[in-house]
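Below: the structure, in structure tokens.
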Amino acid sequence: MTRGILIAAIILVAGAASAETVGELHENELKAIDSNNDGFLSRDEFNAFSDYAFQEMDEDKNGTLGLDEAKPFLDIKQFQDVDRDNDNFISRAEYDAQMNDDFNTADQDGNGQLD
Ligand SMILES: [Ca+2]
Ligand SMILES: [Ca+2]
Ligand SMILES: [Ca+2]
């Protein structure tokens with residue numbers, strides 16, 4: 001199973017050195033994403049964070065992530081997992097699809113929030 005890009009994006013935004021799962025995120029890292037500070041990561045908060053992370057990675061602002069842009073955050077295996085049509089670019093649609101999968105995977109009890 002793919003490790004997904006959720007963790008890479010969290011590392012990017014929150015500055016976490018490493019985190020294997022959302023459950024292992026430290027308080028400070030969660031706080032950076034948990035904008036209403038209720039200790040849970042809602043779908044809306046996740047989407048806002050996901051959008052921010054994409055903008056941060058998309059250095060040339062062309063709406064896709066090339067290998068060079070993604071390299072600091074994703075290994076080649078992760079990149080290929082996300083690049084579903086294998087054109088060597090991660091489009092916004094491919095990114096959103098992956099982040100959505102990652103959210104659903106992390107939301108083990110299916111309540112729409114990560115805690
Ligand atoms: Ca929240
Ligand atoms: Ca780009
Ligand atoms: Ca692609």
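For the structure tokens, the naming scheme is as follows: chains receive sequential letters (A, B, ...) according to their order of presentation, residues are indexed from 1 within each chain, and ligands are indexed from 1 in presentation order.
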Give one line per residue of chain A that approaches ligand 2 to at most 9 Å, naming the two atoms of the closest pair and their distance in Å to one decimal, counting only C-alpha atoms and all ligand atoms; sort by chain then ascending residue number and deliver it as a tab-separated table.
residue	atom	partner	partner_atom_place_in_ligand_line	distance
A:Gln55	CA	ligand 2	1 (Ca)	8.9
A:Met57	CA	ligand 2	1 (Ca)	7.5
A:Asp58	CA	ligand 2	1 (Ca)	4.2
A:Glu59	CA	ligand 2	1 (Ca)	5.6
A:Asp60	CA	ligand 2	1 (Ca)	4.8
A:Lys61	CA	ligand 2	1 (Ca)	5.2
A:Asn62	CA	ligand 2	1 (Ca)	4.7
A:Gly63	CA	ligand 2	1 (Ca)	5.6
A:Thr64	CA	ligand 2	1 (Ca)	4.4
A:Leu65	CA	ligand 2	1 (Ca)	4.3
A:Gly66	CA	ligand 2	1 (Ca)	5.6
A:Leu67	CA	ligand 2	1 (Ca)	9.0
A:Asp68	CA	ligand 2	1 (Ca)	8.7
A:Glu69	CA	ligand 2	1 (Ca)	6.5
A:Ala70	CA	ligand 2	1 (Ca)	8.8
A:Phe89	CA	ligand 2	1 (Ca)	8.4
A:Ile90	CA	ligand 2	1 (Ca)	8.6
A:Ser91	CA	ligand 2	1 (Ca)	8.9
With N, CA and C atoms retained, write the just-selected residues as an mmCIF file, in the first residue's frame.
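Below is the file that was written, result.cif:
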data_model
loop_
_atom_site.group_PDB
_atom_site.id
_atom_site.type_symbol
_atom_site.label_atom_id
_atom_site.label_comp_id
_atom_site.auth_asym_id
_atom_site.auth_seq_id
_atom_site.Cartn_x
_atom_site.Cartn_y
_atom_site.Cartn_z
ATOM 1 N N GLN A 55 0.152 24.674 -3.053
ATOM 2 C CA GLN A 55 0.701 25.966 -3.486
ATOM 3 C C GLN A 55 2.177 26.094 -3.094
ATOM 4 N N MET A 57 4.351 23.677 -2.673
ATOM 5 C CA MET A 57 5.212 22.782 -3.458
ATOM 6 C C MET A 57 5.331 23.233 -4.907
ATOM 7 N N ASP A 58 4.261 23.881 -5.430
ATOM 8 C CA ASP A 58 4.218 24.279 -6.837
ATOM 9 C C ASP A 58 5.000 25.578 -7.022
ATOM 10 N N GLU A 59 6.299 25.454 -7.053
ATOM 11 C CA GLU A 59 7.159 26.645 -7.046
ATOM 12 C C GLU A 59 6.948 27.550 -8.244
ATOM 13 N N ASP A 60 6.762 26.963 -9.419
ATOM 14 C CA ASP A 60 6.596 27.811 -10.616
ATOM 15 C C ASP A 60 5.124 28.156 -10.866
ATOM 16 N N LYS A 61 4.256 27.750 -9.945
ATOM 17 C CA LYS A 61 2.834 28.131 -9.974
ATOM 18 C C LYS A 61 2.150 27.808 -11.289
ATOM 19 N N ASN A 62 2.507 26.679 -11.867
ATOM 20 C CA ASN A 62 1.851 26.301 -13.122
ATOM 21 C C ASN A 62 0.727 25.296 -12.899
ATOM 22 N N GLY A 63 0.415 25.020 -11.630
ATOM 23 C CA GLY A 63 -0.726 24.156 -11.337
ATOM 24 C C GLY A 63 -0.442 22.675 -11.367
ATOM 25 N N THR A 64 0.812 22.304 -11.661
ATOM 26 C CA THR A 64 1.206 20.899 -11.572
ATOM 27 C C THR A 64 2.526 20.808 -10.830
ATOM 28 N N LEU A 65 2.767 19.635 -10.274
ATOM 29 C CA LEU A 65 4.037 19.402 -9.584
ATOM 30 C C LEU A 65 4.924 18.532 -10.453
ATOM 31 N N GLY A 66 6.043 19.098 -10.866
ATOM 32 C CA GLY A 66 7.024 18.320 -11.597
ATOM 33 C C GLY A 66 7.893 17.534 -10.626
ATOM 34 N N LEU A 67 8.700 16.659 -11.172
ATOM 35 C CA LEU A 67 9.580 15.822 -10.355
ATOM 36 C C LEU A 67 10.480 16.678 -9.460
ATOM 37 N N ASP A 68 11.034 17.747 -10.020
ATOM 38 C CA ASP A 68 11.932 18.608 -9.243
ATOM 39 C C ASP A 68 11.214 19.278 -8.075
ATOM 40 N N GLU A 69 9.986 19.686 -8.314
ATOM 41 C CA GLU A 69 9.225 20.348 -7.258
ATOM 42 C C GLU A 69 8.851 19.371 -6.151
ATOM 43 N N ALA A 70 8.539 18.146 -6.538
ATOM 44 C CA ALA A 70 8.073 17.156 -5.558
ATOM 45 C C ALA A 70 9.228 16.458 -4.842
ATOM 46 N N PHE A 89 4.116 14.366 -14.248
ATOM 47 C CA PHE A 89 3.640 15.540 -13.523
ATOM 48 C C PHE A 89 2.495 15.128 -12.607
ATOM 49 N N ILE A 90 2.471 15.706 -11.429
ATOM 50 C CA ILE A 90 1.317 15.515 -10.556
ATOM 51 C C ILE A 90 0.379 16.688 -10.798
ATOM 52 N N SER A 91 -0.742 16.390 -11.430
ATOM 53 C CA SER A 91 -1.732 17.452 -11.666
ATOM 54 C C SER A 91 -2.480 17.731 -10.372
#
task: Could you give me, as a PyMOL selection string, every polymer residue with an atom at most 9 Å away from an atom of ligand 1, counting only C-alpha atoms and all ligand atoms?
output: chain A and resi 31+33-46+113-114
Output file for the residues above (C-alpha atoms, as a PDB file, in the first residue's frame):
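The file below, result28.pdb, is the result:
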ATOM      1  CA  LYS A  31      -2.084  22.831  15.869  1.00  0.00           C
ATOM      2  CA  ILE A  33      -3.450  22.453  10.734  1.00  0.00           C
ATOM      3  CA  ASP A  34      -6.243  22.402  13.339  1.00  0.00           C
ATOM      4  CA  SER A  35      -7.399  25.955  12.713  1.00  0.00           C
ATOM      5  CA  ASN A  36     -10.288  25.941  15.228  1.00  0.00           C
ATOM      6  CA  ASN A  37      -8.118  24.223  17.846  1.00  0.00           C
ATOM      7  CA  ASP A  38     -10.618  21.549  18.801  1.00  0.00           C
ATOM      8  CA  GLY A  39      -7.992  18.828  18.679  1.00  0.00           C
ATOM      9  CA  PHE A  40      -9.512  17.219  15.598  1.00  0.00           C
ATOM     10  CA  LEU A  41      -8.699  17.607  11.946  1.00  0.00           C
ATOM     11  CA  SER A  42     -11.944  18.079  10.038  1.00  0.00           C
ATOM     12  CA  ARG A  43     -12.343  17.582   6.320  1.00  0.00           C
ATOM     13  CA  ASP A  44     -12.511  21.360   5.805  1.00  0.00           C
ATOM     14  CA  GLU A  45      -9.338  21.964   7.773  1.00  0.00           C
ATOM     15  CA  PHE A  46      -7.697  19.148   5.877  1.00  0.00           C
ATOM     16  CA  GLN A 113     -12.349  13.843  11.411  1.00  0.00           C
ATOM     17  CA  LEU A 114      -8.807  12.886  12.206  1.00  0.00           C
TER      18      LEU A 114
END
When the cut-off is 7 Å and you count only C-alpha atoms and all ligand atoms, which residues lie near ligand 3, shown as a compact mmCIF listing (two decimals) with N, CA and C atoms, in the first residue's frame?
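Contents of the output file result-v2.txt:
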# COMPACT_ATOMS: atom_id res chain seq x y z
N ASP A 83 1.19 10.12 -9.45
CA ASP A 83 1.09 10.45 -10.88
C ASP A 83 0.37 9.33 -11.62
N ARG A 84 -0.94 9.34 -11.55
CA ARG A 84 -1.72 8.19 -11.99
C ARG A 84 -1.70 7.98 -13.50
N ASP A 85 -1.53 9.06 -14.29
CA ASP A 85 -1.47 8.86 -15.74
C ASP A 85 -0.03 8.79 -16.25
N ASN A 86 0.94 8.74 -15.33
CA ASN A 86 2.34 8.54 -15.68
C ASN A 86 2.89 9.53 -16.70
N ASP A 87 2.50 10.80 -16.58
CA ASP A 87 3.06 11.79 -17.49
C ASP A 87 4.21 12.57 -16.84
N ASN A 88 4.65 12.10 -15.67
CA ASN A 88 5.74 12.72 -14.92
C ASN A 88 5.40 14.08 -14.33
N PHE A 89 4.12 14.37 -14.25
CA PHE A 89 3.64 15.54 -13.52
C PHE A 89 2.50 15.13 -12.61
N ILE A 90 2.47 15.71 -11.43
CA ILE A 90 1.32 15.52 -10.56
C ILE A 90 0.38 16.69 -10.80
N SER A 91 -0.74 16.39 -11.43
CA SER A 91 -1.73 17.45 -11.67
C SER A 91 -2.48 17.73 -10.37
N GLU A 94 -4.79 14.88 -9.68
CA GLU A 94 -4.11 13.70 -9.13
C GLU A 94 -3.75 13.91 -7.67
Residue list (helix (DSSP H, G or I), DSSP) for segment 23-109 of chain A, as a count of residues only: 50
field: Sel. of strand (DSSP E) residues, segment 30-87 of chain A, as a PyMOL selection string
entry: chain A and resi 41-42+64-66
